[in-house]
Amino acid sequence: MDKSELVIIGAGPGGYAAAFLAADMGMKVTLIDKEKNPGGVCLYRGCIPSKALLHVAKLINETKEASNWGIEFSEPKIDLKKLRDWKSSVVTNLTGGLGILSKQRKINFVEGTAFFKDSNTLNVKLNSG
């Protein structure tokens, strides 16, 4: 791997934002994360998937509350596979967009896990082996 001016371990909201800013300022940046694209726990397993599912729960609740206004809906039929696929597509779109933004900024994105060998050396175990 080429030398970078800045290496950021972890491509969550803080990591990718720092990488984008540094790249925008002209630095040669490497961003390391286990996932295929930036996003971190927030986008892959935390905030975003939760918010997508909370949106569906709110929609179901609102249809029940609508009876107060004279509008009644039958009980919803929930297709769990389709719901999970939709939630996954939301995550894929957002993280994929961050991957594109990283490439546009010429950020060297490395899929793997980083650890310090010493105070001047960083080792990376690539996902690909």
# chains A, B, ... in the order shown; residues from 1 in each chain; ligands from 1

$ residues_around --residues "segment 48-61 of chain A" --least-positions-apart "6" --cutoff "12 Å" --atoms "only C-alpha atoms" --output "PyMOL selection string"
chain A and resi 13+39-42+67+72-78+80+83-95

$ residues_around --residues "Gly99 of chain A" --least-positions-apart "2" --cutoff "12 Å" --atoms "only C-alpha atoms" --output "PyMOL selection string"
chain A and resi 11+16+19-20+31+33+35-40+92-97+101-111

$ write_last_selection --atoms "N, CA and C atoms" --output "JSON list (two decimals), in the first residue's frame"
[["chain", "number", "residue", "atom", "x", "y", "z"],
["A", 11, "ALA", "N", -14.76, 3.47, 9.65],
["A", 11, "ALA", "CA", -15.45, 4.30, 8.66],
["A", 11, "ALA", "C", -16.88, 4.59, 9.06],
["A", 16, "TYR", "N", -15.63, 8.50, 8.34],
["A", 16, "TYR", "CA", -15.76, 8.91, 6.93],
["A", 16, "TYR", "C", -15.85, 10.42, 6.81],
["A", 19, "ALA", "N", -12.31, 11.59, 6.95],
["A", 19, "ALA", "CA", -11.63, 11.23, 5.70],
["A", 19, "ALA", "C", -12.05, 12.16, 4.56],
["A", 20, "PHE", "N", -13.33, 12.46, 4.47],
["A", 20, "PHE", "CA", -13.82, 13.34, 3.41],
["A", 20, "PHE", "C", -13.22, 14.73, 3.56],
["A", 31, "LEU", "N", -8.69, 5.03, 4.44],
["A", 31, "LEU", "CA", -9.77, 4.76, 5.38],
["A", 31, "LEU", "C", -9.92, 3.25, 5.49],
["A", 33, "ASP", "N", -11.83, -0.10, 7.21],
["A", 33, "ASP", "CA", -13.01, -0.59, 7.92],
["A", 33, "ASP", "C", -13.31, -2.02, 7.47],
["A", 35, "GLU", "N", -16.25, -3.25, 6.77],
["A", 35, "GLU", "CA", -17.37, -3.33, 5.84],
["A", 35, "GLU", "C", -16.94, -3.01, 4.40],
["A", 36, "LYS", "N", -17.85, -3.29, 3.48],
["A", 36, "LYS", "CA", -17.60, -3.07, 2.05],
["A", 36, "LYS", "C", -17.51, -1.58, 1.71],
["A", 37, "ASN", "N", -18.26, -0.76, 2.43],
["A", 37, "ASN", "CA", -18.32, 0.68, 2.21],
["A", 37, "ASN", "C", -18.31, 1.39, 3.56],
["A", 38, "PRO", "N", -18.02, 2.68, 3.57],
["A", 38, "PRO", "CA", -18.12, 3.43, 4.82],
["A", 38, "PRO", "C", -19.55, 3.41, 5.35],
["A", 39, "GLY", "N", -19.68, 3.63, 6.64],
["A", 39, "GLY", "CA", -21.00, 3.69, 7.26],
["A", 39, "GLY", "C", -20.97, 3.30, 8.72],
["A", 40, "GLY", "N", -20.12, 2.35, 9.06],
["A", 40, "GLY", "CA", -20.00, 1.93, 10.46],
["A", 40, "GLY", "C", -21.25, 1.27, 10.99],
["A", 92, "THR", "N", -28.07, -0.45, 1.95],
["A", 92, "THR", "CA", -27.21, -0.59, 0.77],
["A", 92, "THR", "C", -27.11, 0.72, 0.00],
["A", 93, "ASN", "N", -28.23, 1.41, -0.18],
["A", 93, "ASN", "CA", -28.20, 2.69, -0.90],
["A", 93, "ASN", "C", -27.35, 3.72, -0.19],
["A", 94, "LEU", "N", -27.52, 3.82, 1.13],
["A", 94, "LEU", "CA", -26.77, 4.83, 1.88],
["A", 94, "LEU", "C", -25.27, 4.50, 1.92],
["A", 95, "THR", "N", -24.93, 3.26, 2.23],
["A", 95, "THR", "CA", -23.51, 2.91, 2.32],
["A", 95, "THR", "C", -22.87, 2.91, 0.94],
["A", 96, "GLY", "N", -23.61, 2.49, -0.07],
["A", 96, "GLY", "CA", -23.09, 2.53, -1.44],
["A", 96, "GLY", "C", -22.80, 3.95, -1.88],
["A", 97, "GLY", "N", -23.67, 4.87, -1.49],
["A", 97, "GLY", "CA", -23.45, 6.28, -1.80],
["A", 97, "GLY", "C", -22.18, 6.80, -1.15],
["A", 101, "LEU", "N", -18.81, 8.38, -2.89],
["A", 101, "LEU", "CA", -18.20, 9.65, -2.45],
["A", 101, "LEU", "C", -16.73, 9.46, -2.07],
["A", 102, "SER", "N", -16.40, 8.31, -1.49],
["A", 102, "SER", "CA", -15.00, 8.02, -1.14],
["A", 102, "SER", "C", -14.15, 7.91, -2.40],
["A", 103, "LYS", "N", -14.67, 7.21, -3.40],
["A", 103, "LYS", "CA", -13.93, 7.06, -4.66],
["A", 103, "LYS", "C", -13.76, 8.40, -5.37],
["A", 104, "GLN", "N", -14.81, 9.21, -5.35],
["A", 104, "GLN", "CA", -14.72, 10.52, -5.99],
["A", 104, "GLN", "C", -13.65, 11.40, -5.35],
["A", 105, "ARG", "N", -13.43, 11.19, -4.06],
["A", 105, "ARG", "CA", -12.42, 11.97, -3.34],
["A", 105, "ARG", "C", -11.04, 11.29, -3.38],
["A", 106, "LYS", "N", -10.95, 10.18, -4.10],
["A", 106, "LYS", "CA", -9.71, 9.42, -4.23],
["A", 106, "LYS", "C", -9.18, 8.93, -2.88],
["A", 107, "ILE", "N", -10.10, 8.56, -2.00],
["A", 107, "ILE", "CA", -9.73, 7.98, -0.71],
["A", 107, "ILE", "C", -9.42, 6.51, -0.94],
["A", 108, "ASN", "N", -8.31, 6.06, -0.39],
["A", 108, "ASN", "CA", -7.94, 4.65, -0.47],
["A", 108, "ASN", "C", -8.75, 3.92, 0.61],
["A", 109, "PHE", "N", -9.81, 3.24, 0.22],
["A", 109, "PHE", "CA", -10.65, 2.52, 1.17],
["A", 109, "PHE", "C", -10.18, 1.08, 1.24],
["A", 110, "VAL", "N", -9.84, 0.64, 2.43],
["A", 110, "VAL", "CA", -9.32, -0.71, 2.63],
["A", 110, "VAL", "C", -10.31, -1.49, 3.50],
["A", 111, "GLU", "N", -10.75, -2.64, 2.96],
["A", 111, "GLU", "CA", -11.64, -3.51, 3.73],
["A", 111, "GLU", "C", -10.79, -4.43, 4.59]]

$ closest_residue --among "A:Ile71, A:Ala66, A:Leu122, A:Leu43" --to "Thr30 of chain A" --atoms "only C-alpha atoms"
A:Leu122

$ select_by_dssp --residues "segment 91-128 of chain A" --states "strand (DSSP E)" --output "PyMOL selection string"
chain A and resi 108-118+121-126

$ residues_around --residues "Val29 of chain A" --least-positions-apart "3" --cutoff "6 Å" --atoms "only C-alpha atoms" --output "ChimeraX atom specification"
/A:4,6-7,107

$ write_last_selection --atoms "C-alpha atoms" --output "PDB file, in the first residue's frame"
ATOM      1  CA  SER A   4      -0.774   8.048   3.206  1.00  0.00           C
ATOM      2  CA  LEU A   6      -3.567  10.279   7.092  1.00  0.00           C
ATOM      3  CA  VAL A   7      -4.914   6.842   7.964  1.00  0.00           C
ATOM      4  CA  ILE A 107      -9.732   7.983  -0.711  1.00  0.00           C
TER       5      ILE A 107
END

$ atom_distance --atom1 "atom CA of Lys34 of chain A" --atom2 "atom CA of Asn127 of chain A"
6.9 Å

$ atom_distance --atom1 "atom CA of Gly46 of chain A" --atom2 "atom CA of Phe116 of chain A"
27.0 Å
